Amino acid sequence: MKPNLNFYPHPYLGEAVLTSEISKILNTCDDTKKLMISIYLIKEDRFLYCNRVFEHVLGFNSNRLIKNGWDFWFSLIIQNEVAQIKNRIFNFFSTPLVRDIITLQYHITNFQGEQICVKHEILIYKLKRKMFALNYFFDVSEQEEMERCVKINGGYRGRNFLKNQVSHVSSREEEVLKLIADGFSSKQIAEKLCISNHTAISHRKHLIKKFRVKNTAQLIKKATVILEL
């Protein structure tokens with residue numbers, strides 16, 4: 001059965017061929033029960049596609065995300081998380097050739113006023129000379145609650161054991177780590193965090209020492225495992 005895909009037409013972008021190809025790729029996505037999927041055109045800064053699962057899980061018409069873009073989605077994220085998530089997403093889109101996948105986890109409020117824990121995976125693809133981001137949104141609220149119950153009863157995972165082997169990482173150092181993982185240079189990090197280039201370089205050196213690695217590549221690999229960057 002061919003799904004009724006939600007596409008937002010734009011006659012000036014020459015997307016007829018792209019839309020046709022994506023229709024073939026996603027010919028079953030509207031049949032999914034829980035997986036929310038959207039496609040975002042990076043250069044054009046707009047959503048091309050959004051499946052109907054958003055309506056079932058979150059309670060809003062799928063076309064609202066297509067028409068209103070990221071501003072609408074960010075309005076759903078709880079206040080104390082939105083700034084960090086917004087920065088990470090747009091930083092990721094600014095360097096699509098450096099890193100082609102990112103995984104985020106945060107909380108949103110649906111239209112019934114319920115808080116939902118969302119795991120958000122973004123993958124960068126190029127098709128018909130267009131760069132687009134394939135977004136997967138998973139409702140992991142039940143998983144989060146299960147993990148919370150285990151933790152409050154004394155359980156811990158291997159990652160927490162690894163954390164004990166790393167010297168304390170400050171909130172500022174964690175910010176720097178996330179930017180390093182997103183492919184930013186020390187100079188770019190300094191500009192984004194309003195610190196000197198010398199300070200940014202020092203943070204990078206201290207992090208390499210704390211994680212007991214030899215270079216930035218090893219730092220990213222180890223920090224991703226321990227801190228879930």
# chains A, B, ... in the order shown; residues from 1 in each chain; ligands from 1
$ residues_around --residues "A:Gln188" --least-positions-apart "2" --cutoff "12 Å" --atoms "only C-alpha atoms" --output "list in words"
Asn91, Ser94, Thr95, Val176, Leu179, Ile180, Asp182, Gly183, Phe184, Ser185, Ser186, Ala190, Glu191, Lys192, Leu193, Cys194, Ile195, Ser196, Asn197, His198, Ala200 and Ile201 of chain A
$ select_by_dssp --residues "stretch 40-229 of chain A" --states "strand (DSSP E or B)" --output "CSV table (one decimal) with C-alpha atoms, in the first residue's frame"
chain,number,residue,atom,x,y,z
A,40,TYR,CA,14.9,18.5,6.6
A,41,LEU,CA,16.6,20.2,3.6
A,46,ARG,CA,12.9,23.8,5.8
A,47,PHE,CA,11.3,20.5,6.2
A,48,LEU,CA,10.3,18.6,3.1
A,49,TYR,CA,8.5,15.6,4.7
A,50,CYS,CA,6.9,14.6,8.0
A,77,ILE,CA,11.1,21.1,24.2
A,101,ILE,CA,25.2,11.4,12.4
A,102,ILE,CA,24.2,12.7,15.9
A,103,THR,CA,22.1,11.3,18.6
A,104,LEU,CA,20.2,13.5,21.2
A,105,GLN,CA,17.9,12.8,24.1
A,106,TYR,CA,15.6,15.4,25.6
A,107,HIS,CA,12.1,16.0,26.8
A,108,ILE,CA,9.1,17.6,25.0
A,109,THR,CA,5.6,18.3,26.0
A,115,GLN,CA,6.1,15.1,29.1
A,116,ILE,CA,7.7,12.7,26.7
A,117,CYS,CA,11.4,11.6,26.6
A,118,VAL,CA,12.6,11.7,23.0
A,119,LYS,CA,15.6,10.0,21.5
A,120,HIS,CA,16.4,12.0,18.3
A,121,GLU,CA,18.8,10.6,15.7
A,122,ILE,CA,19.8,12.8,12.7
A,123,LEU,CA,21.6,11.4,9.7
A,124,ILE,CA,23.0,13.5,6.9
A,125,TYR,CA,22.4,12.2,3.3
A,126,LYS,CA,23.1,13.6,-0.2
A,127,LEU,CA,20.6,12.8,-3.0
A,130,LYS,CA,20.7,18.1,-2.3
A,131,MET,CA,21.9,17.7,1.3
A,132,PHE,CA,19.2,16.6,3.6
A,133,ALA,CA,18.8,15.4,7.2
A,134,LEU,CA,16.8,12.3,8.0
A,135,ASN,CA,15.3,12.7,11.5
A,136,TYR,CA,14.2,9.7,13.6
A,137,PHE,CA,12.3,10.6,16.8
A,138,PHE,CA,11.7,7.7,19.3
A,139,ASP,CA,9.4,7.9,22.3
$ atom_distance --atom1 "atom CA of A:Arg204" --atom2 "atom CA of A:Asp100"
22.5 Å
$ atom_distance --atom1 "atom CA of A:Arg212" --atom2 "atom CA of A:Glu174"
15.8 Å
